[in-house]
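Student: Contents of entry.txt (compact mmCIF, C-alpha atoms and all ligand atoms):
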# COMPACT_ATOMS: atom_id res chain seq x y z
CA MET A 1 0.00 0.00 0.00
CA LEU A 2 1.11 3.56 -0.74
CA ILE A 3 2.79 5.20 2.27
CA ASP A 4 3.24 8.97 2.58
CA ALA A 5 6.13 9.12 5.06
CA HIS A 6 5.81 12.84 5.81
CA CYS A 7 2.69 14.96 6.26
CA HIS A 8 1.13 17.28 8.86
CA PHE A 9 -2.39 17.49 10.25
CA PHE A 10 -2.09 20.71 12.28
CA THR A 11 -5.53 22.00 13.26
CA LYS A 12 -6.90 25.26 14.62
CA ASN A 13 -6.73 23.75 18.11
CA ILE A 14 -3.05 24.63 18.30
CA LEU A 15 -3.47 28.29 17.33
CA THR A 16 -4.22 31.10 19.73
CA GLN A 17 -7.65 32.68 19.66
CA SER A 18 -6.67 35.75 17.68
CA LEU A 19 -4.93 33.66 15.05
CA SER A 20 -7.89 31.36 14.64
CA LYS A 21 -9.47 34.32 12.94
CA LEU A 22 -8.58 33.93 9.33
CA GLU A 23 -7.76 37.51 8.52
CA SER A 24 -5.09 38.09 11.09
CA TYR A 25 -3.70 34.67 10.38
CA MET A 26 -3.36 35.48 6.69
CA THR A 27 -1.76 38.82 7.38
CA SER A 28 0.79 37.31 9.68
CA LEU A 29 1.61 34.54 7.24
CA GLU A 30 2.00 37.04 4.48
CA LYS A 31 4.28 39.11 6.62
CA LEU A 32 6.28 36.07 7.55
CA SER A 33 6.73 34.89 4.01
CA LYS A 34 7.60 37.76 1.70
CA PRO A 35 7.90 41.52 1.93
CA ALA A 36 5.02 42.88 -0.14
CA SER A 37 7.24 45.25 -2.09
CA THR A 38 9.05 42.40 -3.86
CA ILE A 39 5.93 40.98 -5.53
CA GLY A 40 3.51 42.40 -8.09
CA PRO A 41 -0.28 42.64 -7.62
CA LYS A 42 -1.10 39.54 -9.69
CA GLU A 43 1.42 37.44 -7.88
CA LEU A 44 0.22 38.84 -4.59
CA GLN A 45 -3.37 37.82 -5.38
CA LYS A 46 -2.27 34.32 -6.26
CA TYR A 47 -0.22 34.15 -3.13
CA ARG A 48 -3.17 35.36 -1.07
CA ASP A 49 -5.26 32.55 -2.56
CA GLN A 50 -2.67 29.99 -1.59
CA VAL A 51 -2.42 31.35 1.92
CA PHE A 52 -6.20 31.37 2.12
CA GLU A 53 -6.40 27.73 1.10
CA PHE A 54 -3.58 26.89 3.50
CA ALA A 55 -5.29 28.67 6.38
CA ASN A 56 -8.56 27.04 5.41
CA HIS A 57 -7.04 23.64 5.94
CA ALA A 58 -5.82 24.60 9.37
CA ILE A 59 -9.03 26.26 10.43
CA GLU A 60 -11.79 24.23 8.81
CA LYS A 61 -10.64 20.65 8.73
CA THR A 62 -10.37 17.96 11.38
CA PRO A 63 -7.41 15.58 11.16
CA LEU A 64 -9.72 12.89 9.77
CA GLU A 65 -10.94 15.28 7.07
CA MET A 66 -7.33 16.06 6.22
CA TYR A 67 -6.64 12.35 5.84
CA GLU A 68 -9.71 11.96 3.62
CA THR A 69 -8.69 14.98 1.50
CA MET A 70 -5.32 13.35 0.87
CA LYS A 71 -6.95 10.02 0.08
CA GLU A 72 -9.13 11.69 -2.52
CA ALA A 73 -6.11 13.36 -4.15
CA TYR A 74 -4.22 10.08 -4.18
CA GLY A 75 -7.25 8.28 -5.60
CA GLN A 76 -6.48 5.25 -3.46
CA ASP A 77 -6.24 3.96 0.05
CA PHE A 78 -2.95 4.89 1.70
CA ILE A 79 -1.00 5.11 4.94
CA ALA A 80 -0.31 8.57 6.38
CA VAL A 81 2.52 9.49 8.74
CA PRO A 82 1.43 12.81 10.30
CA LEU A 83 4.27 14.49 12.18
CA MET A 84 3.59 16.46 15.32
CA LEU A 85 5.75 19.45 16.32
CA ASP A 86 6.31 20.81 19.81
CA PHE A 87 6.03 24.58 19.29
CA SER A 88 6.18 25.45 23.00
CA TYR A 89 9.19 27.74 22.80
CA THR A 90 8.90 29.13 19.28
CA PHE A 91 7.84 32.61 20.34
CA ILE A 92 8.51 32.55 24.04
CA ALA A 93 11.64 31.61 25.92
CA PRO A 94 11.59 28.71 28.35
CA LYS A 95 11.17 30.94 31.38
CA ASP A 96 11.15 28.08 33.86
CA LYS A 97 14.66 27.40 32.76
CA VAL A 98 15.69 30.85 33.95
CA LEU A 99 14.00 30.26 37.29
CA ASP A 100 15.77 26.94 37.56
CA GLN A 101 19.07 28.61 36.85
CA LYS A 102 18.27 31.10 39.54
CA LYS A 103 17.43 28.25 41.94
CA SER A 104 20.55 26.31 41.16
CA LEU A 105 22.70 29.39 41.58
CA LEU A 106 21.15 30.00 44.97
CA ASN A 107 21.65 26.35 45.90
CA SER A 108 25.26 26.44 44.96
CA MET A 109 25.62 29.55 47.06
CA LYS A 110 24.17 27.67 50.04
CA SER A 111 26.58 24.81 49.57
CA MET A 112 29.66 27.02 49.65
CA SER A 113 31.90 26.50 52.64
CA GLU A 114 31.81 29.07 55.45
CA LYS A 115 35.30 30.23 54.56
CA GLN A 116 34.49 30.78 50.93
CA ARG A 117 31.41 32.69 51.94
CA GLU A 118 33.29 35.06 54.12
CA LYS A 119 36.09 35.54 51.65
CA GLY A 120 34.47 36.28 48.37
CA LEU A 121 30.83 36.52 49.27
CA ILE A 122 30.28 40.12 48.44
CA GLU A 123 31.92 40.10 45.03
CA TRP A 124 30.40 36.72 44.33
CA MET A 125 26.91 37.94 45.15
CA ASP A 126 27.41 40.97 42.98
CA ASP A 127 28.32 38.72 40.08
CA LEU A 128 25.41 36.49 40.83
CA ALA A 129 22.91 39.31 40.93
CA LYS A 130 24.28 40.70 37.71
CA SER A 131 24.19 37.41 35.88
CA ILE A 132 20.59 36.76 36.94
CA GLU A 133 19.62 40.26 35.89
CA ASP A 134 21.27 39.83 32.51
CA LYS A 135 19.54 36.53 31.95
CA ILE A 136 16.11 37.78 32.90
CA ASP A 137 16.62 40.87 30.81
CA TYR A 138 17.41 38.99 27.63
CA TYR A 139 14.61 36.51 28.12
CA ASP A 140 12.13 39.29 28.53
CA ARG A 141 13.41 41.27 25.59
CA SER A 142 13.25 38.24 23.35
CA VAL A 143 9.57 37.69 24.03
CA ILE A 144 7.84 39.44 21.19
CA GLY A 145 4.47 39.51 22.87
CA VAL A 146 2.51 37.06 20.77
CA ASP A 147 2.67 33.35 21.25
CA VAL A 148 1.06 32.00 18.11
CA PHE A 149 0.63 28.51 19.48
CA LYS A 150 -1.77 27.61 22.24
CA ASN A 151 -1.29 24.37 24.17
CA ALA A 152 0.10 23.04 20.93
CA TYR A 153 1.66 20.00 22.57
CA GLU A 154 -1.43 18.76 24.40
CA GLU A 155 -3.80 19.57 21.53
CA GLN A 156 -1.75 17.70 18.94
CA ILE A 157 -1.54 14.64 21.17
CA LYS A 158 -5.34 14.74 21.49
CA ASP A 159 -5.91 15.32 17.75
CA LEU A 160 -3.57 12.56 16.62
CA THR A 161 -4.59 10.05 19.31
CA ARG A 162 -8.21 10.45 18.21
CA LEU A 163 -7.25 10.03 14.55
CA LYS A 164 -5.25 6.90 15.38
CA LYS A 165 -8.41 5.42 16.96
CA GLU A 166 -10.45 6.36 13.90
CA ARG A 167 -7.97 4.90 11.36
CA PRO A 168 -5.70 2.51 13.31
CA ASP A 169 -4.17 0.78 10.30
CA ARG A 170 -4.01 3.82 8.03
CA VAL A 171 -2.39 6.42 10.26
CA TYR A 172 0.97 6.12 12.05
CA PRO A 173 1.66 9.47 13.75
CA PHE A 174 5.03 10.71 15.00
CA PHE A 175 5.27 12.25 18.45
CA SER A 176 7.33 15.38 19.16
CA ILE A 177 8.73 16.96 22.31
CA ASP A 178 11.20 19.71 23.17
CA PRO A 179 14.03 18.38 25.40
CA ARG A 180 14.17 21.71 27.26
CA ARG A 181 10.86 20.72 28.86
CA ASN A 182 12.37 17.74 30.67
CA ASP A 183 11.59 19.09 34.15
CA GLU A 184 7.94 19.70 33.29
CA PHE A 185 7.18 15.98 33.37
CA ASP A 186 7.50 13.59 36.32
CA GLN A 187 9.43 11.05 34.29
CA GLY A 188 11.10 13.62 32.05
CA ILE A 189 10.66 13.65 28.30
CA LEU A 190 11.85 10.07 28.02
CA GLY A 191 8.88 9.19 30.24
CA GLU A 192 6.57 10.96 27.77
CA ILE A 193 8.23 9.17 24.87
CA LYS A 194 7.73 5.79 26.57
CA LYS A 195 4.13 6.70 27.35
CA TYR A 196 3.18 7.64 23.80
CA ILE A 197 5.44 5.79 21.34
CA GLY A 198 5.36 2.05 20.70
CA ARG A 199 3.50 -0.80 19.02
CA ASP A 200 0.46 -0.60 21.28
CA LYS A 201 0.62 3.20 21.65
CA PRO A 202 -0.88 5.99 19.52
CA PHE A 203 2.49 7.09 18.07
CA THR A 204 4.97 5.12 15.95
CA GLY A 205 8.01 7.40 15.89
CA LEU A 206 9.56 10.65 17.05
CA LYS A 207 9.87 13.95 15.19
CA LEU A 208 12.62 16.38 16.20
CA TYR A 209 12.78 19.91 14.81
CA THR A 210 15.87 21.30 16.47
CA SER A 211 15.77 24.75 14.86
CA LEU A 212 12.84 25.38 17.22
CA GLY A 213 15.58 26.16 19.73
CA TYR A 214 17.68 23.20 20.87
CA SER A 215 20.73 21.26 19.79
CA PRO A 216 20.62 17.74 18.32
CA THR A 217 23.11 16.94 21.10
CA HIS A 218 21.01 18.44 23.90
CA PRO A 219 22.09 16.35 26.94
CA ILE A 220 18.62 14.88 27.47
CA LEU A 221 18.66 13.53 23.92
CA TYR A 222 22.32 12.62 23.65
CA ASP A 223 24.10 12.17 26.97
CA ASP A 224 23.64 8.68 28.41
CA SER A 225 26.34 8.98 31.08
CA SER A 226 23.84 9.04 33.94
CA GLY A 227 21.40 6.51 32.51
CA GLU A 228 19.31 6.25 29.38
CA SER A 229 19.26 9.00 26.75
CA VAL A 230 16.46 9.54 24.24
CA TYR A 231 18.70 8.39 21.38
CA GLY A 232 19.88 5.38 23.41
CA TYR A 233 16.29 4.33 23.99
CA CYS A 234 15.24 4.91 20.36
CA GLU A 235 18.29 3.07 19.01
CA LYS A 236 17.73 0.09 21.31
CA HIS A 237 14.05 -0.22 20.39
CA GLN A 238 14.54 0.87 16.76
CA ILE A 239 12.04 3.70 17.15
CA PRO A 240 12.15 5.73 13.94
CA ILE A 241 13.07 9.41 14.25
CA THR A 242 12.35 12.00 11.55
CA ILE A 243 14.30 15.25 11.58
CA HIS A 244 14.06 18.30 9.35
CA ALA A 245 17.02 18.25 6.95
CA SER A 246 16.64 21.30 4.73
CA LEU A 247 17.75 24.92 4.75
CA GLU A 248 14.17 26.02 4.16
CA GLY A 249 11.63 25.66 6.89
CA PHE A 250 10.75 27.00 10.28
CA SER A 251 12.58 28.04 13.42
CA HIS A 252 12.16 29.73 16.76
CA MET A 253 11.92 33.52 16.64
CA LEU A 254 13.92 34.59 19.70
CA ASP A 255 16.91 36.87 19.29
CA LYS A 256 18.90 35.11 22.00
CA SER A 257 18.64 31.63 23.39
CA LEU A 258 20.50 29.34 25.72
CA VAL A 259 21.70 26.28 23.82
CA GLU A 260 22.92 23.20 25.68
CA GLY A 261 25.00 20.86 23.53
CA ASP A 262 26.62 21.53 20.19
CA ILE A 263 26.06 24.16 17.59
CA TYR A 264 27.41 24.36 14.05
CA TYR A 265 30.38 26.72 14.00
CA GLY A 266 30.79 28.14 10.50
CA PRO A 267 34.47 29.19 10.62
CA SER A 268 35.60 25.62 11.38
CA GLY A 269 32.71 23.86 9.66
CA LYS A 270 32.33 21.68 12.75
CA ALA A 271 29.91 20.94 15.54
CA ILE A 272 31.29 22.46 18.75
CA PRO A 273 29.89 23.02 22.27
CA SER A 274 27.80 26.20 22.20
CA HIS A 275 29.61 27.70 25.20
CA HIS A 276 32.90 27.60 23.24
CA ALA A 277 31.45 30.07 20.77
CA TYR A 278 29.02 32.03 22.97
CA LYS A 279 29.37 33.24 26.54
CA ASP A 280 27.47 30.85 28.84
CA GLY A 281 26.18 29.09 25.72
CA ILE A 282 23.73 31.91 25.05
CA VAL A 283 23.50 32.27 21.30
CA ASP A 284 23.09 35.81 20.05
CA TYR A 285 21.45 35.66 16.62
CA ARG A 286 22.25 38.12 13.85
CA ASN A 287 18.77 38.05 12.34
CA ASN A 288 15.87 38.75 14.63
CA PHE A 289 12.13 38.95 14.33
CA THR A 290 12.04 42.70 13.81
CA SER A 291 14.71 42.83 11.09
CA MET A 292 12.35 40.62 9.13
CA SER A 293 13.69 38.50 6.44
CA PHE A 294 11.93 35.28 7.27
CA SER A 295 14.22 33.08 5.20
CA GLU A 296 17.40 34.63 6.64
CA LEU A 297 16.02 34.34 10.15
CA THR A 298 15.14 30.67 9.77
CA GLN A 299 18.24 29.80 7.77
CA GLU A 300 20.56 31.17 10.44
CA ARG A 301 18.84 29.02 13.08
CA LEU A 302 18.60 26.00 10.76
CA LEU A 303 22.34 26.07 10.13
CA LEU A 304 23.35 26.75 13.69
CA LEU A 305 21.06 24.21 15.36
CA ASN A 306 20.52 21.59 12.67
CA HIS A 307 23.56 21.35 10.39
CA PRO A 308 24.24 17.78 9.17
CA ASN A 309 27.63 17.85 10.95
CA ILE A 310 25.84 18.02 14.31
CA TRP A 311 23.78 15.01 13.25
CA ARG A 312 27.01 13.27 12.25
CA LYS A 313 28.12 13.63 15.86
CA VAL A 314 24.83 12.07 17.04
CA LEU A 315 25.21 9.17 14.59
CA THR A 316 28.82 8.58 15.58
CA LYS A 317 27.66 7.93 19.14
CA TYR A 318 24.46 6.09 18.10
CA PRO A 319 25.40 4.46 14.76
CA ASN A 320 22.29 2.29 14.52
CA LEU A 321 19.82 5.08 15.12
CA LYS A 322 16.93 4.88 12.65
CA LEU A 323 17.00 8.45 11.40
CA ASN A 324 15.07 9.97 8.51
CA MET A 325 16.74 13.17 7.28
CA ALA A 326 13.61 14.64 5.72
CA HIS A 327 13.46 16.64 2.46
CA PHE A 328 16.87 15.39 1.17
CA GLY A 329 18.24 18.88 1.84
CA GLY A 330 15.24 20.66 0.34
CA ILE A 331 14.41 21.63 -3.23
CA ILE A 332 16.47 24.86 -3.30
CA GLN A 333 19.59 23.04 -2.13
CA MET A 334 18.86 20.28 -4.64
CA CYS A 335 18.62 22.74 -7.54
CA LYS A 336 22.01 24.16 -6.58
CA PHE A 337 23.47 20.68 -6.32
CA LEU A 338 22.11 19.80 -9.77
CA LYS A 339 23.88 22.83 -11.22
CA GLY A 340 27.16 21.83 -9.58
CA ASN A 341 27.02 24.88 -7.32
CA GLN A 342 28.86 23.87 -4.17
CA THR A 343 26.67 25.90 -1.84
CA GLY A 344 24.23 23.06 -2.53
CA PHE A 345 25.91 20.86 0.07
CA TYR A 346 22.98 19.31 1.88
CA ALA A 347 21.99 16.40 -0.38
CA PRO A 348 25.58 15.15 -0.77
CA GLU A 349 26.06 15.39 3.02
CA ILE A 350 22.95 13.27 3.52
CA ILE A 351 24.18 10.75 0.94
CA ASP A 352 27.51 10.50 2.81
CA LEU A 353 25.71 9.88 6.10
CA MET A 354 23.54 7.24 4.41
CA LYS A 355 26.69 5.54 3.15
CA GLU A 356 28.31 5.56 6.58
CA PHE A 357 25.35 4.67 8.77
CA PRO A 358 23.06 1.75 7.94
CA ASN A 359 19.79 3.18 9.31
CA VAL A 360 19.87 6.71 7.91
CA TYR A 361 16.94 7.38 5.58
CA THR A 362 15.78 10.42 3.65
CA ASP A 363 12.36 11.48 2.37
CA LEU A 364 11.44 13.40 -0.75
CA SER A 365 8.77 15.59 0.79
CA CYS A 366 8.06 19.19 -0.22
CA LEU A 367 10.10 18.91 -3.43
CA TYR A 368 7.88 21.33 -5.34
CA ASN A 369 8.86 22.75 -8.72
CA TYR A 370 11.04 25.59 -7.43
CA GLU A 371 12.47 26.67 -10.79
CA LYS A 372 9.22 26.02 -12.70
CA LYS A 373 10.98 23.70 -15.11
CA ASP A 374 9.37 20.97 -17.15
CA LEU A 375 10.51 17.55 -16.05
CA TYR A 376 12.19 18.82 -12.88
CA MET A 377 11.39 15.59 -11.08
CA GLU A 378 12.90 13.61 -13.97
CA GLU A 379 16.11 15.55 -13.48
CA ILE A 380 16.14 14.74 -9.76
CA TYR A 381 15.52 11.10 -10.63
CA GLU A 382 18.23 10.87 -13.29
CA LYS A 383 20.94 12.96 -11.72
CA ILE A 384 20.46 12.37 -8.01
CA TYR A 385 18.46 9.19 -7.39
CA GLU A 386 19.53 6.94 -10.27
CA PRO A 387 23.32 7.07 -9.57
CA LEU A 388 22.86 6.08 -5.89
CA PRO A 389 24.08 2.63 -4.84
CA GLU A 390 21.28 0.11 -4.33
CA HIS A 391 21.67 -0.04 -0.54
CA ILE A 392 21.02 3.70 -0.39
CA LYS A 393 18.08 3.59 -2.77
CA ASP A 394 16.59 1.21 -0.18
CA ARG A 395 16.39 4.15 2.25
CA VAL A 396 14.80 6.86 0.10
CA MET A 397 11.11 7.45 0.85
CA TYR A 398 8.22 9.23 -0.81
CA GLY A 399 6.58 11.99 1.24
CA SER A 400 4.45 15.03 0.48
CA ASP A 401 4.65 17.44 3.43
CA TYR A 402 0.89 17.94 2.98
CA TYR A 403 -0.53 20.53 3.58
CA MET A 404 2.58 22.74 3.40
CA LEU A 405 2.60 22.04 -0.36
CA ILE A 406 -0.34 24.41 -0.78
CA LEU A 407 1.98 27.33 -0.02
CA PHE A 408 4.08 26.30 -3.00
CA ASP A 409 1.17 26.09 -5.42
CA THR A 410 1.44 22.33 -5.69
CA PRO A 411 -1.75 20.25 -5.58
CA LEU A 412 -1.18 16.83 -4.06
CA ASP A 413 -2.54 14.92 -7.08
CA ASN A 414 -0.02 16.68 -9.37
CA TYR A 415 2.75 16.06 -6.89
CA ILE A 416 2.34 12.30 -6.77
CA GLN A 417 1.73 12.19 -10.52
CA GLY A 418 5.11 13.86 -11.07
CA PHE A 419 6.77 11.22 -8.91
CA ARG A 420 5.03 8.31 -10.62
CA GLN A 421 6.12 9.58 -14.02
CA ALA A 422 9.71 10.27 -13.07
CA PHE A 423 10.30 7.22 -10.90
CA GLY A 424 8.35 4.66 -12.96
CA PRO A 425 8.74 1.18 -11.47
CA GLU A 426 11.03 2.57 -8.72
CA PHE A 427 8.09 4.47 -7.24
CA LYS A 428 6.84 1.31 -5.54
CA ARG A 429 10.19 0.95 -3.84
CA ILE A 430 10.23 4.48 -2.39
CA SER A 431 6.52 4.67 -1.55
CA GLU A 432 5.86 1.16 -0.25
CA GLU A 433 8.88 -1.03 0.48
CA ASN A 434 11.26 1.54 1.99
CA PRO A 435 8.82 3.39 4.28
CA LYS A 436 7.43 0.03 5.44
CA ARG A 437 10.94 -0.92 6.58
CA PHE A 438 11.47 2.48 8.20
CA LEU A 439 8.20 2.40 10.12
CA PHE A 440 7.73 -1.21 11.08
CA ASP A 441 10.95 -3.29 11.02
ZN ZN B 501 7.18 18.76 7.21
Represent the structure of the file as C-alpha cells.
Ligand SMILES: [Zn+2]

Tutor:
Amino acid sequence: MLIDAHCHFFTKNILTQSLSKLESYMTSLEKLSKPASTIGPKELQKYRDQVFEFANHAIEKTPLEMYETMKEAYGQDFIAVPLMLDFSYTFIAPKDKVLDQKKSLLNSMKSMSEKQREKGLIEWMDDLAKSIEDKIDYYDRSVIGVDVFKNAYEEQIKDLTRLKKERPDRVYPFFSIDPRRNDEFDQGILGEIKKYIGRDKPFTGLKLYTSLGYSPTHPILYDDSSGESVYGYCEKHQIPITIHASLEGFSHMLDKSLVEGDIYYGPSGKAIPSHHAYKDGIVDYRNNFTSMSFSELTQERLLLLNHPNIWRKVLTKYPNLKLNMAHFGGIIQMCKFLKGNQTGFYAPEIIDLMKEFPNVYTDLSCLYNYEKKDLYMEEIYEKIYEPLPEHIKDRVMYGSDYYMLILFDTPLDNYIQGFRQAFGPEFKRISEENPKRFLFD
C-alpha cells in the first residue's frame, strides 16, 4: 500500500484565539513569508489565494478530514505518517529554565563552605545578581508579545490520538517533544516518549525539529552517562526518528537563546559546544524577528542548530539510530546541487551519512517545482536518485509534506503524478517497500 512518510495534520486547536481568525492569520503569514514590495499585484493575489487555502485547511478541517482529503487526491487507500511538532518555545523563551538557573545558583551559594562565603561573598553575590539580571533581561526582551501557538503540545496529542483510533491501520503518527521541557514531566521527556510511542501506543516514531531552539546533542537527547538517553532508547528499540534536513523551513523567533549541547560553528565547519562560541552558551542571533527576512532568520537558526555535521556527531555515538533526514536537503539546495554549485551541500552530506550509517533514511517531501521547469522531477531522478548505490536507494522514501505544499502552489494529485512519471517502477520501492521498513521493522 502507498505510504506517505511525511505529512502534517495541524488544526486550529493549536493556534491562539486571535490567530484562529482567518484575517489576522493570513496577514501574519503574508508578513512572515515575503515583503510585499518584492511581488507584483497579480502574484500577490495568487499568493493570497494559496495562503487562504492553506489557512482554510488549518481552520476548517479535522485531522480525519485532512486524511480523507489526501486520500481523494491520491485516488487510493494509503498510509499517512502525520508528524507532530512541539512549538512550546517558538515565540517565548523557556522561562522556567531561567528560574531553575536562579534556583541552582542559589543552591550552589548555600553549599559554599563558610570560609568561601566570608572571603568572596560580596563580590560573588554581585556577580550572581548581575548574571541573573542579565539573563532575565534577555529573556524578557526576546519575548515578542505574541505566542502564536496555544497548548500546541497537548492539543496535537489529542488530535492525533483520536485520529489513530479512527484509522488505526491507516495512520501512524510521530510524536514530538522539546528536550528543554524535561523538568515539566515527572518522568522527564523520556517518560513521555515511553508513554506515547510504541507498538500498542498511539504514536509510531519521534519527530525532532531542532531549529525550534535546541541542539541535536542536547544532553537529554544525547548524553547517556547518567542513565538512558532519548537516542539510546530509540536506538535500542529501533524507534524511527524523523528530523528536518533542509535549509528552508521554520525556526524559533527569539533573538537570544540558551543552547545546551553543540552548535554548528561556520568558521571551522564543525559541531562544537555552544559555550565555546558564545558566553554561557547563550546564542546571540544576527537576524531577529524585527529585522524581518523570514528566510534569513530561519536559515541562520537552521544552520546553527541543525547542520548535518551536528547530526554526524549524534550518529557517531548512536550508529544504529533509525534516522530519517527529511526533504533530502530541500528543493532549493537540490537545484544548486544539480547545477554543480557547491553551496548546494545538503543532499551530498545526507548521501555520505547514508553511506556511513546503515539506518539513515531520507524522504522526498516538499520537493515542489522551485524553478518552474518541465521535467524537474525527472532531473532529480536521473541525476540524483539513479546514480545512488542500491543499498542507499533502499532508504529513500516518498513523502508530500501535505498541507505545506499548498503554499508552494502544488496540488497533491499533481505532486504524486510527477513522482510516478519520473520514478516509474522505482516508485513502488520508495513509496511502499522503503517506508514500510522504516516504520515497522
Ligand atoms: Zn514537514

Student: Please return as JSON, numbers by chain the residues found within 10 Å of ligand ZN 501 (chain B), counting all atoms listed in the file.

Tutor: {"A": [5, 6, 7, 8, 82, 83, 84, 85, 207, 209, 242, 243, 244, 245, 249, 250, 326, 327, 365, 366, 399, 400, 401, 402, 403, 404, 405]}

Student: Excluding Leu367 in chain A and residues on its chain fewer than 4 positions from it, collect all residues at most 12 Å away from it, counting all atoms listed in the file, and give them as JSON, numbers by chain.

Tutor: {"A": [6, 246, 248, 326, 327, 328, 329, 330, 331, 332, 333, 334, 335, 363, 371, 372, 376, 377, 380, 381, 398, 399, 400, 401, 402, 404, 405, 408, 409, 410, 412, 414, 415, 416, 418, 419]}

Student: Just give me the gap between CA of Pro348 in chain A and CA of Lys373 in chain A in Å, one decimal is fine.

Tutor: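 Distance reported for this atom pair: 22.2 Å.
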
Student: Smallest atom-to-atom distance to Pro411 in chain A: which of A:Ile384, A:Leu353, A:Ala73, A:Ile92, using only C-alpha atoms?

Tutor: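 Result for the nearest residue to Pro411 in chain A: A:Ala73.
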
Student: Quick one: residues within 7 Å of range 148-160 of chain A, only C-alpha atoms, excluding same-chain residues fewer than 4 positions away - as a PyMOL selection string?

Tutor: chain A and resi 13-16+19+63+84+86-88+164+173

Student: For a test of reading the model, state the distance in Å between CA of Val81 in chain A and CA of Lys201 in chain A, rounded to one decimal.

Tutor: 14.5 Å

Student: What does the distance from CA of Lys355 in chain A to CA of Ala271 in chain A come to in Å, to one decimal?

Tutor: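 Spanning CA of Lys355 in chain A to CA of Ala271 in chain A is a straight-line distance of 20.0 Å.
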
Student: Would you kindly return, as a list in words, each protein, DNA or RNA residue with an atom no farther than 8 Å from any atom of range 424-440 of chain A, considering only C-alpha atoms and excluding same-chain residues fewer than 3 positions away?

Tutor: Met1, Leu2, Ile3, Asp4, Ala5, Thr204, Gly205, Pro240, Lys322, Tyr361, Lys393, Asp394, Arg395, Val396, Met397, Tyr398, Gly399, Phe419, Arg420 and Gln421 of chain A

Student: Output the selection as a compact mmCIF listing (two decimals), in the frame of the given file - C-alpha atoms for each residue.

Tutor:
# COMPACT_ATOMS: atom_id res chain seq x y z
CA MET A 1 0.00 0.00 0.00
CA LEU A 2 1.11 3.56 -0.74
CA ILE A 3 2.79 5.20 2.27
CA ASP A 4 3.24 8.97 2.58
CA ALA A 5 6.13 9.12 5.06
CA THR A 204 4.97 5.12 15.95
CA GLY A 205 8.01 7.40 15.89
CA PRO A 240 12.15 5.73 13.94
CA LYS A 322 16.93 4.88 12.65
CA TYR A 361 16.94 7.38 5.58
CA LYS A 393 18.08 3.59 -2.77
CA ASP A 394 16.59 1.21 -0.18
CA ARG A 395 16.39 4.15 2.25
CA VAL A 396 14.80 6.86 0.10
CA MET A 397 11.11 7.45 0.85
CA TYR A 398 8.22 9.23 -0.81
CA GLY A 399 6.58 11.99 1.24
CA PHE A 419 6.77 11.22 -8.91
CA ARG A 420 5.03 8.31 -10.62
CA GLN A 421 6.12 9.58 -14.02

Student: Write out as a PyMOL selection string each polymer residue whose atoms come within 8 Å of range 219-235 of chain A, counting only C-alpha atoms; drop sequence neighbours fewer than 5 positions from it.

Tutor: chain A and resi 179+182+190+240-241+260-261+314+318+320-322
